[in-house]
>>> print(open('structure-v2.pdb').read())   # PDB, C-alpha atoms and all ligand atoms
ATOM      1  CA  MET K  64      21.294  23.408  18.073  1.00  0.00           C
ATOM      2  CA  ILE K  65      21.432  20.429  15.711  1.00  0.00           C
ATOM      3  CA  VAL K  66      21.969  16.993  17.233  1.00  0.00           C
ATOM      4  CA  ALA K  67      23.025  14.278  14.771  1.00  0.00           C
ATOM      5  CA  ILE K  68      22.648  10.675  15.891  1.00  0.00           C
ATOM      6  CA  ASP K  69      23.969   8.062  13.485  1.00  0.00           C
ATOM      7  CA  GLY K  70      24.570   4.357  13.721  1.00  0.00           C
ATOM      8  CA  PRO K  71      23.779   0.904  12.353  1.00  0.00           C
ATOM      9  CA  ALA K  72      20.456  -0.968  12.514  1.00  0.00           C
ATOM     10  CA  ALA K  73      19.009  -1.562  15.986  1.00  0.00           C
ATOM     11  CA  SER K  74      21.852   0.204  17.770  1.00  0.00           C
ATOM     12  CA  GLY K  75      19.327   2.135  19.867  1.00  0.00           C
ATOM     13  CA  LYS K  76      19.831   5.436  18.057  1.00  0.00           C
ATOM     14  CA  GLY K  77      16.100   5.957  17.490  1.00  0.00           C
ATOM     15  CA  THR K  78      15.179   5.621  21.158  1.00  0.00           C
ATOM     16  CA  LEU K  79      18.060   7.855  22.226  1.00  0.00           C
ATOM     17  CA  ALA K  80      17.189  10.475  19.612  1.00  0.00           C
ATOM     18  CA  ARG K  81      13.506  10.520  20.632  1.00  0.00           C
ATOM     19  CA  ARG K  82      14.315  10.942  24.316  1.00  0.00           C
ATOM     20  CA  LEU K  83      16.990  13.559  23.740  1.00  0.00           C
ATOM     21  CA  ALA K  84      14.581  15.540  21.565  1.00  0.00           C
ATOM     22  CA  GLN K  85      11.960  15.388  24.280  1.00  0.00           C
ATOM     23  CA  ASP K  86      14.335  16.559  27.012  1.00  0.00           C
ATOM     24  CA  LEU K  87      15.895  19.263  24.843  1.00  0.00           C
ATOM     25  CA  GLY K  88      12.485  20.473  23.628  1.00  0.00           C
ATOM     26  CA  LEU K  89      13.496  19.950  19.982  1.00  0.00           C
ATOM     27  CA  PRO K  90      11.663  18.324  17.066  1.00  0.00           C
ATOM     28  CA  HIS K  91      12.920  14.872  16.062  1.00  0.00           C
ATOM     29  CA  LEU K  92      13.222  13.313  12.607  1.00  0.00           C
ATOM     30  CA  ASP K  93      13.819   9.589  12.194  1.00  0.00           C
ATOM     31  CA  THR K  94      15.345   9.765   8.703  1.00  0.00           C
ATOM     32  CA  GLY K  95      15.134   5.980   8.272  1.00  0.00           C
ATOM     33  CA  LEU K  96      11.399   6.510   7.852  1.00  0.00           C
ATOM     34  CA  LEU K  97      12.057   8.522   4.683  1.00  0.00           C
ATOM     35  CA  TYR K  98      13.794   5.559   3.054  1.00  0.00           C
ATOM     36  CA  ARG K  99      11.221   3.137   4.427  1.00  0.00           C
ATOM     37  CA  ALA K 100       8.349   5.293   3.099  1.00  0.00           C
ATOM     38  CA  THR K 101      10.047   5.568  -0.309  1.00  0.00           C
ATOM     39  CA  ALA K 102      10.335   1.780  -0.509  1.00  0.00           C
ATOM     40  CA  ARG K 103       6.732   1.350   0.684  1.00  0.00           C
ATOM     41  CA  ALA K 104       5.428   3.761  -1.978  1.00  0.00           C
ATOM     42  CA  LEU K 105       7.280   1.854  -4.722  1.00  0.00           C
ATOM     43  CA  LEU K 106       5.985  -1.520  -3.596  1.00  0.00           C
ATOM     44  CA  ASP K 107       2.428  -0.171  -3.180  1.00  0.00           C
ATOM     45  CA  HIS K 108       2.520   0.955  -6.811  1.00  0.00           C
ATOM     46  CA  GLY K 109       3.831  -2.391  -8.021  1.00  0.00           C
ATOM     47  CA  GLN K 110       7.222  -0.903  -8.919  1.00  0.00           C
ATOM     48  CA  ASN K 111      10.564  -2.605  -8.644  1.00  0.00           C
ATOM     49  CA  LEU K 112      12.929  -1.308  -5.924  1.00  0.00           C
ATOM     50  CA  SER K 113      15.598  -0.878  -8.600  1.00  0.00           C
ATOM     51  CA  ASN K 114      13.439   1.457 -10.727  1.00  0.00           C
ATOM     52  CA  VAL K 115      15.415   4.675 -10.193  1.00  0.00           C
ATOM     53  CA  THR K 116      12.916   7.029 -11.895  1.00  0.00           C
ATOM     54  CA  ALA K 117      10.008   5.684  -9.851  1.00  0.00           C
ATOM     55  CA  ALA K 118      12.091   5.705  -6.649  1.00  0.00           C
ATOM     56  CA  VAL K 119      13.089   9.339  -7.120  1.00  0.00           C
ATOM     57  CA  ALA K 120       9.454  10.296  -7.824  1.00  0.00           C
ATOM     58  CA  ALA K 121       8.373   8.436  -4.663  1.00  0.00           C
ATOM     59  CA  ALA K 122      11.075  10.164  -2.583  1.00  0.00           C
ATOM     60  CA  ARG K 123      10.160  13.595  -3.970  1.00  0.00           C
ATOM     61  CA  GLY K 124       6.490  12.955  -3.213  1.00  0.00           C
ATOM     62  CA  LEU K 125       7.081  12.392   0.500  1.00  0.00           C
ATOM     63  CA  SER K 126       5.711  14.784   3.036  1.00  0.00           C
ATOM     64  CA  LEU K 127       6.795  14.626   6.663  1.00  0.00           C
ATOM     65  CA  THR K 128       3.218  14.701   7.854  1.00  0.00           C
ATOM     66  CA  ASP K 129       1.915  11.589   6.176  1.00  0.00           C
ATOM     67  CA  PHE K 130       3.986   8.811   7.742  1.00  0.00           C
ATOM     68  CA  ASP K 131       2.426   5.897   9.463  1.00  0.00           C
ATOM     69  CA  ALA K 132       5.609   5.126  11.402  1.00  0.00           C
ATOM     70  CA  MET K 133       4.305   1.895  12.908  1.00  0.00           C
ATOM     71  CA  ALA K 134       3.347   0.498   9.504  1.00  0.00           C
ATOM     72  CA  LEU K 135       6.839   1.234   8.180  1.00  0.00           C
ATOM     73  CA  ARG K 136       8.830  -0.313  11.003  1.00  0.00           C
ATOM     74  CA  GLY K 137       8.578  -3.986  10.011  1.00  0.00           C
ATOM     75  CA  ARG K 138      11.504  -6.165   9.053  1.00  0.00           C
ATOM     76  CA  GLU K 139      10.636  -6.395   5.362  1.00  0.00           C
ATOM     77  CA  MET K 140      10.560  -2.605   4.989  1.00  0.00           C
ATOM     78  CA  GLY K 141      13.952  -2.219   6.716  1.00  0.00           C
ATOM     79  CA  GLU K 142      15.514  -4.445   4.080  1.00  0.00           C
ATOM     80  CA  ALA K 143      13.669  -2.687   1.219  1.00  0.00           C
ATOM     81  CA  ALA K 144      14.702   0.716   2.629  1.00  0.00           C
ATOM     82  CA  SER K 145      18.367  -0.208   2.604  1.00  0.00           C
ATOM     83  CA  ILE K 146      18.080  -1.182  -1.085  1.00  0.00           C
ATOM     84  CA  VAL K 147      16.542   2.154  -2.169  1.00  0.00           C
ATOM     85  CA  ALA K 148      18.859   4.043   0.211  1.00  0.00           C
ATOM     86  CA  ALA K 149      21.856   2.819  -1.801  1.00  0.00           C
ATOM     87  CA  VAL K 150      20.568   4.658  -4.916  1.00  0.00           C
ATOM     88  CA  PRO K 151      22.419   8.019  -5.111  1.00  0.00           C
ATOM     89  CA  GLU K 152      19.493   9.766  -6.880  1.00  0.00           C
ATOM     90  CA  VAL K 153      17.120   8.746  -4.056  1.00  0.00           C
ATOM     91  CA  ARG K 154      19.500  10.105  -1.427  1.00  0.00           C
ATOM     92  CA  ALA K 155      19.876  13.354  -3.379  1.00  0.00           C
ATOM     93  CA  ALA K 156      16.076  13.711  -3.609  1.00  0.00           C
ATOM     94  CA  LEU K 157      15.805  13.544   0.194  1.00  0.00           C
ATOM     95  CA  VAL K 158      18.587  15.962   1.159  1.00  0.00           C
ATOM     96  CA  ASP K 159      16.610  19.226   1.148  1.00  0.00           C
ATOM     97  CA  LEU K 160      13.740  17.800   3.188  1.00  0.00           C
ATOM     98  CA  GLN K 161      16.163  16.705   5.919  1.00  0.00           C
ATOM     99  CA  ARG K 162      18.169  19.946   5.879  1.00  0.00           C
ATOM    100  CA  GLU K 163      15.026  22.071   6.083  1.00  0.00           C
ATOM    101  CA  PHE K 164      13.916  20.051   9.088  1.00  0.00           C
ATOM    102  CA  ALA K 165      17.317  20.523  10.740  1.00  0.00           C
ATOM    103  CA  LYS K 166      17.264  24.274  10.173  1.00  0.00           C
ATOM    104  CA  ARG K 167      14.070  24.893  12.126  1.00  0.00           C
ATOM    105  CA  PRO K 168      14.417  27.732  14.620  1.00  0.00           C
ATOM    106  CA  GLY K 169      15.993  26.330  17.772  1.00  0.00           C
ATOM    107  CA  GLY K 170      17.313  23.294  15.943  1.00  0.00           C
ATOM    108  CA  ALA K 171      16.389  19.631  15.792  1.00  0.00           C
ATOM    109  CA  VAL K 172      17.485  16.096  16.531  1.00  0.00           C
ATOM    110  CA  LEU K 173      17.921  13.838  13.479  1.00  0.00           C
ATOM    111  CA  ASP K 174      18.858  10.187  13.492  1.00  0.00           C
ATOM    112  CA  GLY K 175      20.070   8.099  10.579  1.00  0.00           C
ATOM    113  CA  ARG K 176      23.230   6.929   8.850  1.00  0.00           C
ATOM    114  CA  ASP K 177      24.717  10.088   7.303  1.00  0.00           C
ATOM    115  CA  ILE K 178      23.411  12.972   9.395  1.00  0.00           C
ATOM    116  CA  GLY K 179      26.761  13.972  10.887  1.00  0.00           C
ATOM    117  CA  THR K 180      28.717  13.300   7.692  1.00  0.00           C
ATOM    118  CA  VAL K 181      26.489  14.523   4.818  1.00  0.00           C
ATOM    119  CA  ILE K 182      23.167  16.045   5.859  1.00  0.00           C
ATOM    120  CA  CYS K 183      24.323  18.238   8.760  1.00  0.00           C
ATOM    121  CA  PRO K 184      28.130  18.284   8.897  1.00  0.00           C
ATOM    122  CA  GLU K 185      27.735  21.514  10.890  1.00  0.00           C
ATOM    123  CA  ALA K 186      25.780  19.800  13.729  1.00  0.00           C
ATOM    124  CA  GLN K 187      26.965  20.943  17.147  1.00  0.00           C
ATOM    125  CA  VAL K 188      26.476  17.493  18.663  1.00  0.00           C
ATOM    126  CA  LYS K 189      27.278  14.250  16.814  1.00  0.00           C
ATOM    127  CA  ILE K 190      26.876  10.856  18.403  1.00  0.00           C
ATOM    128  CA  PHE K 191      27.639   7.576  16.636  1.00  0.00           C
ATOM    129  CA  VAL K 192      25.679   4.869  18.439  1.00  0.00           C
ATOM    130  CA  THR K 193      26.826   1.317  17.980  1.00  0.00           C
ATOM    131  CA  ALA K 194      26.623  -2.171  19.550  1.00  0.00           C
ATOM    132  CA  SER K 195      27.728  -5.670  18.599  1.00  0.00           C
ATOM    133  CA  PRO K 196      25.664  -7.328  15.828  1.00  0.00           C
ATOM    134  CA  GLU K 197      24.514 -10.028  18.298  1.00  0.00           C
ATOM    135  CA  THR K 198      23.227  -7.457  20.811  1.00  0.00           C
ATOM    136  CA  ARG K 199      21.484  -5.521  18.061  1.00  0.00           C
ATOM    137  CA  ALA K 200      19.874  -8.705  16.710  1.00  0.00           C
ATOM    138  CA  SER K 201      18.528  -9.556  20.198  1.00  0.00           C
ATOM    139  CA  ARG K 202      17.086  -6.064  20.591  1.00  0.00           C
ATOM    140  CA  ARG K 203      15.509  -6.115  17.127  1.00  0.00           C
ATOM    141  CA  ALA K 204      14.024  -9.576  17.809  1.00  0.00           C
ATOM    142  CA  LEU K 205      12.364  -8.280  21.000  1.00  0.00           C
ATOM    143  CA  GLU K 206      11.092  -5.183  19.216  1.00  0.00           C
ATOM    144  CA  LEU K 207       9.590  -7.148  16.310  1.00  0.00           C
ATOM    145  CA  LYS K 208       8.069  -9.687  18.671  1.00  0.00           C
ATOM    146  CA  ALA K 209       6.377  -6.864  20.575  1.00  0.00           C
ATOM    147  CA  GLN K 210       4.926  -5.681  17.251  1.00  0.00           C
ATOM    148  CA  GLY K 211       3.498  -9.151  16.643  1.00  0.00           C
ATOM    149  CA  GLU K 212       5.979 -10.267  13.938  1.00  0.00           C
ATOM    150  CA  ALA K 213       7.194 -13.875  13.913  1.00  0.00           C
ATOM    151  CA  VAL K 214      10.900 -13.754  14.738  1.00  0.00           C
ATOM    152  CA  ASP K 215      13.848 -16.024  14.208  1.00  0.00           C
ATOM    153  CA  TYR K 216      17.023 -14.758  15.926  1.00  0.00           C
ATOM    154  CA  ALA K 217      19.414 -16.308  13.374  1.00  0.00           C
ATOM    155  CA  GLU K 218      17.556 -14.708  10.459  1.00  0.00           C
ATOM    156  CA  ILE K 219      17.489 -11.330  12.174  1.00  0.00           C
ATOM    157  CA  LEU K 220      21.221 -11.505  12.852  1.00  0.00           C
ATOM    158  CA  GLU K 221      21.748 -12.294   9.180  1.00  0.00           C
ATOM    159  CA  ASP K 222      19.528  -9.323   8.177  1.00  0.00           C
ATOM    160  CA  ILE K 223      21.566  -7.036  10.423  1.00  0.00           C
ATOM    161  CA  ARG K 224      24.881  -8.214   9.024  1.00  0.00           C
ATOM    162  CA  ARG K 225      23.626  -7.896   5.435  1.00  0.00           C
ATOM    163  CA  ARG K 226      22.284  -4.400   6.080  1.00  0.00           C
ATOM    164  CA  ASP K 227      25.474  -3.321   7.863  1.00  0.00           C
ATOM    165  CA  ALA K 228      27.493  -4.440   4.843  1.00  0.00           C
ATOM    166  CA  ARG K 229      25.157  -2.741   2.334  1.00  0.00           C
ATOM    167  CA  ASP K 230      25.024   0.510   4.347  1.00  0.00           C
ATOM    168  CA  ALA K 231      28.775   0.626   4.945  1.00  0.00           C
ATOM    169  CA  ASN K 232      29.865  -0.299   1.435  1.00  0.00           C
ATOM    170  CA  ARG K 233      27.575   1.807  -0.739  1.00  0.00           C
ATOM    171  CA  ALA K 234      29.259   4.489  -2.833  1.00  0.00           C
ATOM    172  CA  THR K 235      27.090   7.422  -1.716  1.00  0.00           C
ATOM    173  CA  ALA K 236      26.911   8.498   1.943  1.00  0.00           C
ATOM    174  CA  PRO K 237      28.079   5.177   3.392  1.00  0.00           C
ATOM    175  CA  LEU K 238      27.570   4.515   7.079  1.00  0.00           C
ATOM    176  CA  ARG K 239      30.669   5.796   8.818  1.00  0.00           C
ATOM    177  CA  THR K 240      31.604   7.720  11.929  1.00  0.00           C
ATOM    178  CA  ALA K 241      32.044  11.470  11.413  1.00  0.00           C
ATOM    179  CA  GLU K 242      35.518  12.579  12.493  1.00  0.00           C
ATOM    180  CA  ASP K 243      34.050  14.843  15.164  1.00  0.00           C
ATOM    181  CA  ALA K 244      31.429  12.368  16.434  1.00  0.00           C
ATOM    182  CA  VAL K 245      31.559  10.766  19.865  1.00  0.00           C
ATOM    183  CA  VAL K 246      31.168   6.975  19.642  1.00  0.00           C
ATOM    184  CA  LEU K 247      28.688   5.493  22.110  1.00  0.00           C
ATOM    185  CA  ASP K 248      28.949   1.701  22.294  1.00  0.00           C
ATOM    186  CA  THR K 249      25.753   0.428  23.921  1.00  0.00           C
ATOM    187  CA  THR K 250      26.616  -3.291  23.813  1.00  0.00           C
ATOM    188  CA  LYS K 251      26.833  -3.498  27.584  1.00  0.00           C
ATOM    189  CA  LEU K 252      24.411  -0.674  28.396  1.00  0.00           C
ATOM    190  CA  ASP K 253      20.689  -0.898  29.021  1.00  0.00           C
ATOM    191  CA  ILE K 254      18.531   1.901  27.702  1.00  0.00           C
ATOM    192  CA  GLU K 255      18.763   4.009  30.884  1.00  0.00           C
ATOM    193  CA  ALA K 256      22.548   3.750  31.018  1.00  0.00           C
ATOM    194  CA  ALA K 257      22.804   4.519  27.291  1.00  0.00           C
ATOM    195  CA  TYR K 258      20.549   7.529  27.722  1.00  0.00           C
ATOM    196  CA  LYS K 259      22.622   8.873  30.612  1.00  0.00           C
ATOM    197  CA  ALA K 260      25.762   8.489  28.538  1.00  0.00           C
ATOM    198  CA  ALA K 261      24.141  10.283  25.572  1.00  0.00           C
ATOM    199  CA  LEU K 262      23.000  13.133  27.833  1.00  0.00           C
ATOM    200  CA  GLY K 263      26.522  13.414  29.191  1.00  0.00           C
ATOM    201  CA  ILE K 264      27.879  13.757  25.638  1.00  0.00           C
ATOM    202  CA  VAL K 265      25.323  16.464  24.812  1.00  0.00           C
ATOM    203  CA  GLU K 266      26.022  18.425  28.004  1.00  0.00           C
ATOM    204  CA  LYS K 267      29.758  18.315  27.417  1.00  0.00           C
ATOM    205  CA  ARG K 268      29.355  19.571  23.848  1.00  0.00           C
ATOM    206  CA  LEU K 269      26.983  22.333  24.945  1.00  0.00           C
ATOM    207  CA  ILE K 270      29.533  23.547  27.465  1.00  0.00           C
ATOM    208  CA  GLU K 271      32.398  23.332  24.944  1.00  0.00           C
ATOM    209  CA  ALA K 272      30.358  25.217  22.325  1.00  0.00           C
ATOM    210  CA  GLY K 273      29.121  27.785  24.864  1.00  0.00           C
ATOM    211  CA  ILE K 274      25.482  26.967  24.064  1.00  0.00           C
ATOM    212  CA  SER K 275      22.923  27.082  26.846  1.00  0.00           C
ATOM    213  CA  SER K 276      19.853  24.868  26.669  1.00  0.00           C
ATOM    214  CA  SER K 277      16.455  26.207  27.660  1.00  0.00           C
ATOM    215  CA  ARG K 278      15.730  22.857  29.343  1.00  0.00           C
ATOM    216  CA  SER K 279      17.261  21.071  32.270  1.00  0.00           C
ATOM    217  CA  LEU K 280      19.053  18.057  30.827  1.00  0.00           C
ATOM    218  CA  ARG K 281      18.823  15.956  33.934  1.00  0.00           C
ATOM    219  CA  PRO K 282      16.648  12.868  33.351  1.00  0.00           C
ATOM    220  CA  MET K 283      13.305  13.112  35.206  1.00  0.00           C
TER     221      MET K 283
HETATM  222  O1  LIG X   1      15.925   1.049  12.702  1.00  0.00           O
HETATM  223  P1  LIG X   1      16.867   0.554  11.655  1.00  0.00           P
HETATM  224  O2  LIG X   1      18.239   1.052  11.882  1.00  0.00           O
HETATM  225  O3  LIG X   1      16.753  -0.905  11.393  1.00  0.00           O
HETATM  226  O4  LIG X   1      16.381   1.155  10.293  1.00  0.00           O
HETATM  227  P2  LIG X   1      16.216   2.629   9.820  1.00  0.00           P
HETATM  228  O5  LIG X   1      17.044   3.581  10.601  1.00  0.00           O
HETATM  229  O6  LIG X   1      14.761   2.902   9.698  1.00  0.00           O
HETATM  230  O7  LIG X   1      16.876   2.564   8.348  1.00  0.00           O
HETATM  231  C1  LIG X   1      16.459   1.645   7.372  1.00  0.00           C
HETATM  232  C2  LIG X   1      17.483   1.680   6.240  1.00  0.00           C
HETATM  233  O8  LIG X   1      17.432   2.977   5.629  1.00  0.00           O
HETATM  234  C3  LIG X   1      18.933   1.508   6.667  1.00  0.00           C
HETATM  235  O9  LIG X   1      19.393   0.176   6.617  1.00  0.00           O
HETATM  236  C4  LIG X   1      19.706   2.374   5.676  1.00  0.00           C
HETATM  237  O10 LIG X   1      20.067   1.650   4.528  1.00  0.00           O
HETATM  238  C5  LIG X   1      18.717   3.413   5.259  1.00  0.00           C
HETATM  239  N1  LIG X   1      19.008   4.727   5.836  1.00  0.00           N
HETATM  240  C6  LIG X   1      19.973   5.501   5.226  1.00  0.00           C
HETATM  241  O11 LIG X   1      20.616   5.060   4.291  1.00  0.00           O
HETATM  242  N2  LIG X   1      20.228   6.764   5.662  1.00  0.00           N
HETATM  243  C7  LIG X   1      19.554   7.266   6.707  1.00  0.00           C
HETATM  244  N3  LIG X   1      19.813   8.520   7.094  1.00  0.00           N
HETATM  245  C8  LIG X   1      18.593   6.488   7.383  1.00  0.00           C
HETATM  246  C9  LIG X   1      18.335   5.199   6.918  1.00  0.00           C
END
>>> encode(input="structure-v2.pdb", output="structure tokens", more="lines below")
Ligand code: CDP
Amino acid sequence: MIVAIDGPAASGKGTLARRLAQDLGLPHLDTGLLYRATARALLDHGQNLSNVTAAVAAARGLSLTDFDAMALRGREMGEAASIVAAVPEVRAALVDLQREFAKRPGGAVLDGRDIGTVICPEAQVKIFVTASPETRASRRALELKAQGEAVDYAEILEDIRRRDARDANRATAPLRTAEDAVVLDTTKLDIEAAYKAALGIVEKRLIEAGISSSRSLRPM
């Protein structure tokens, strides 16, 4: 079973995807890390983010085993990732890696921007996680603060709005809701409530598709 979780920055999709993967006994891929790692590799080699040849080489050189996820999560790398992610050649270079991950025996949970629309249109479960920009900015501010970054709420809100616009308006694989995705608005939900709602969506889809899970889906 493939579970596709898409949504804008700081919507909570990463946390939901991680927990769903754990409860379903499936591997999880945070595809944002691929774009973050591509941007990191370019900057580490003194290359410009707009250097398409270097960006494609960096994307092709990625291996899923060598991520330092914590080092990639900062604010600066989120912005840089969204710049390289708008380059069609970079996206194309990362398609096979993501599809191979999704096609593991038993399936996988992937989260990102275009999983349900481009990478795995065949996914049995598609959830589009969203929340108001203000709620997402508050969550991101808390997250960055916990990682020791200096935070300014107004700047983070501006980052989120800028990234939303860039992700939604790019020509290739823009952020949009797949026609068969269920929208989960977490603006008024805490993480437990959001997780329960996501589990409910998965269970309903499993029943509709006649798929049985090897795990109990009830939260522990
Ligand atoms: O956690 P957050 O949503 O802030 O960031 P992320 O998921 O790590 O993604 C960082 C950037 O990578 C996004 O703003 C997108 O531009 C890009 N991205 C993408 O284009 N497609 C994906 N499947 C995942 C991320």
>>> closest_residue(input="structure-v2.pdb", among="K:Asp248, K:Asp93, K:Asp253, K:Glu197", to="Gln161 (chain K)", atoms="all atoms listed in the file")
K:Asp93
>>> closest_residue(input="structure-v2.pdb", among="K:Arg226, K:Arg99, K:Leu173, K:Ile190", to="Thr249 (chain K)", atoms="all atoms listed in the file")
K:Ile190
>>> residues_around(input="structure-v2.pdb", residues="Leu83 (chain K)", least_positions_apart="4", cutoff="10 Å", atoms="only C-alpha atoms", output="PyMOL selection string")
chain K and resi 66+77-79+87-91+172+258+261-262+265+280+282
>>> residues_near_ligand(input="structure-v2.pdb", ligand="ligand LIG 1 (chain X)", cutoff="6 Å", atoms="only C-alpha atoms and all ligand atoms", output="list in words")
Pro71, Ala72, Ala73, Thr94, Gly95, Leu96, Tyr98, Gly141, Ala144, Ser145, Ala148, Gly175, Arg176, Asp177, Arg226 and Asp230 of chain K
>>> closest_residue(input="structure-v2.pdb", among="K:Ile264, K:Ala134, K:Ala104, K:Leu112", to="Gln210 (chain K)", atoms="only C-alpha atoms")
K:Ala134
>>> closest_residue(input="structure-v2.pdb", among="K:Cys183, K:Val214, K:Ala156, K:Ile223", to="Glu142 (chain K)", atoms="all atoms listed in the file")
K:Ile223
>>> resolve_selection(input="structure-v2.pdb", expression="the PyMOL selection byres (((chain K and resi 206) around 12) and not hetatm)", output="list in words")
Ala73, Gly75, Thr78, Met133, Arg136, Gly137, Arg138, Arg199, Ala200, Ser201, Arg202, Arg203, Ala204, Leu205, Leu207, Lys208, Ala209, Gln210, Gly211, Glu212, Ala213, Val214, Tyr216 and Ile219 of chain K
>>> atom_distance(input="structure-v2.pdb", atom1="CA of Ala228 (chain K)", atom2="CA of Asp131 (chain K)")
27.5 Å
>>> residues_near_point(input="structure-v2.pdb", point="(25.0, 14.5, 4.5)", cutoff="12 Å", atoms="only C-alpha atoms", output="PDB file with C-alpha atoms, keeping the file's coordinate frame")
ATOM      1  CA  ALA K  67      23.025  14.278  14.771  1.00  0.00           C
ATOM      2  CA  ASP K  69      23.969   8.062  13.485  1.00  0.00           C
ATOM      3  CA  THR K  94      15.345   9.765   8.703  1.00  0.00           C
ATOM      4  CA  PRO K 151      22.419   8.019  -5.111  1.00  0.00           C
ATOM      5  CA  ARG K 154      19.500  10.105  -1.427  1.00  0.00           C
ATOM      6  CA  ALA K 155      19.876  13.354  -3.379  1.00  0.00           C
ATOM      7  CA  LEU K 157      15.805  13.544   0.194  1.00  0.00           C
ATOM      8  CA  VAL K 158      18.587  15.962   1.159  1.00  0.00           C
ATOM      9  CA  ASP K 159      16.610  19.226   1.148  1.00  0.00           C
ATOM     10  CA  LEU K 160      13.740  17.800   3.188  1.00  0.00           C
ATOM     11  CA  GLN K 161      16.163  16.705   5.919  1.00  0.00           C
ATOM     12  CA  ARG K 162      18.169  19.946   5.879  1.00  0.00           C
ATOM     13  CA  ALA K 165      17.317  20.523  10.740  1.00  0.00           C
ATOM     14  CA  LEU K 173      17.921  13.838  13.479  1.00  0.00           C
ATOM     15  CA  ASP K 174      18.858  10.187  13.492  1.00  0.00           C
ATOM     16  CA  GLY K 175      20.070   8.099  10.579  1.00  0.00           C
ATOM     17  CA  ARG K 176      23.230   6.929   8.850  1.00  0.00           C
ATOM     18  CA  ASP K 177      24.717  10.088   7.303  1.00  0.00           C
ATOM     19  CA  ILE K 178      23.411  12.972   9.395  1.00  0.00           C
ATOM     20  CA  GLY K 179      26.761  13.972  10.887  1.00  0.00           C
ATOM     21  CA  THR K 180      28.717  13.300   7.692  1.00  0.00           C
ATOM     22  CA  VAL K 181      26.489  14.523   4.818  1.00  0.00           C
ATOM     23  CA  ILE K 182      23.167  16.045   5.859  1.00  0.00           C
ATOM     24  CA  CYS K 183      24.323  18.238   8.760  1.00  0.00           C
ATOM     25  CA  PRO K 184      28.130  18.284   8.897  1.00  0.00           C
ATOM     26  CA  GLU K 185      27.735  21.514  10.890  1.00  0.00           C
ATOM     27  CA  ALA K 186      25.780  19.800  13.729  1.00  0.00           C
ATOM     28  CA  THR K 235      27.090   7.422  -1.716  1.00  0.00           C
ATOM     29  CA  ALA K 236      26.911   8.498   1.943  1.00  0.00           C
ATOM     30  CA  PRO K 237      28.079   5.177   3.392  1.00  0.00           C
ATOM     31  CA  LEU K 238      27.570   4.515   7.079  1.00  0.00           C
ATOM     32  CA  ARG K 239      30.669   5.796   8.818  1.00  0.00           C
ATOM     33  CA  ALA K 241      32.044  11.470  11.413  1.00  0.00           C
TER      34      ALA K 241
END
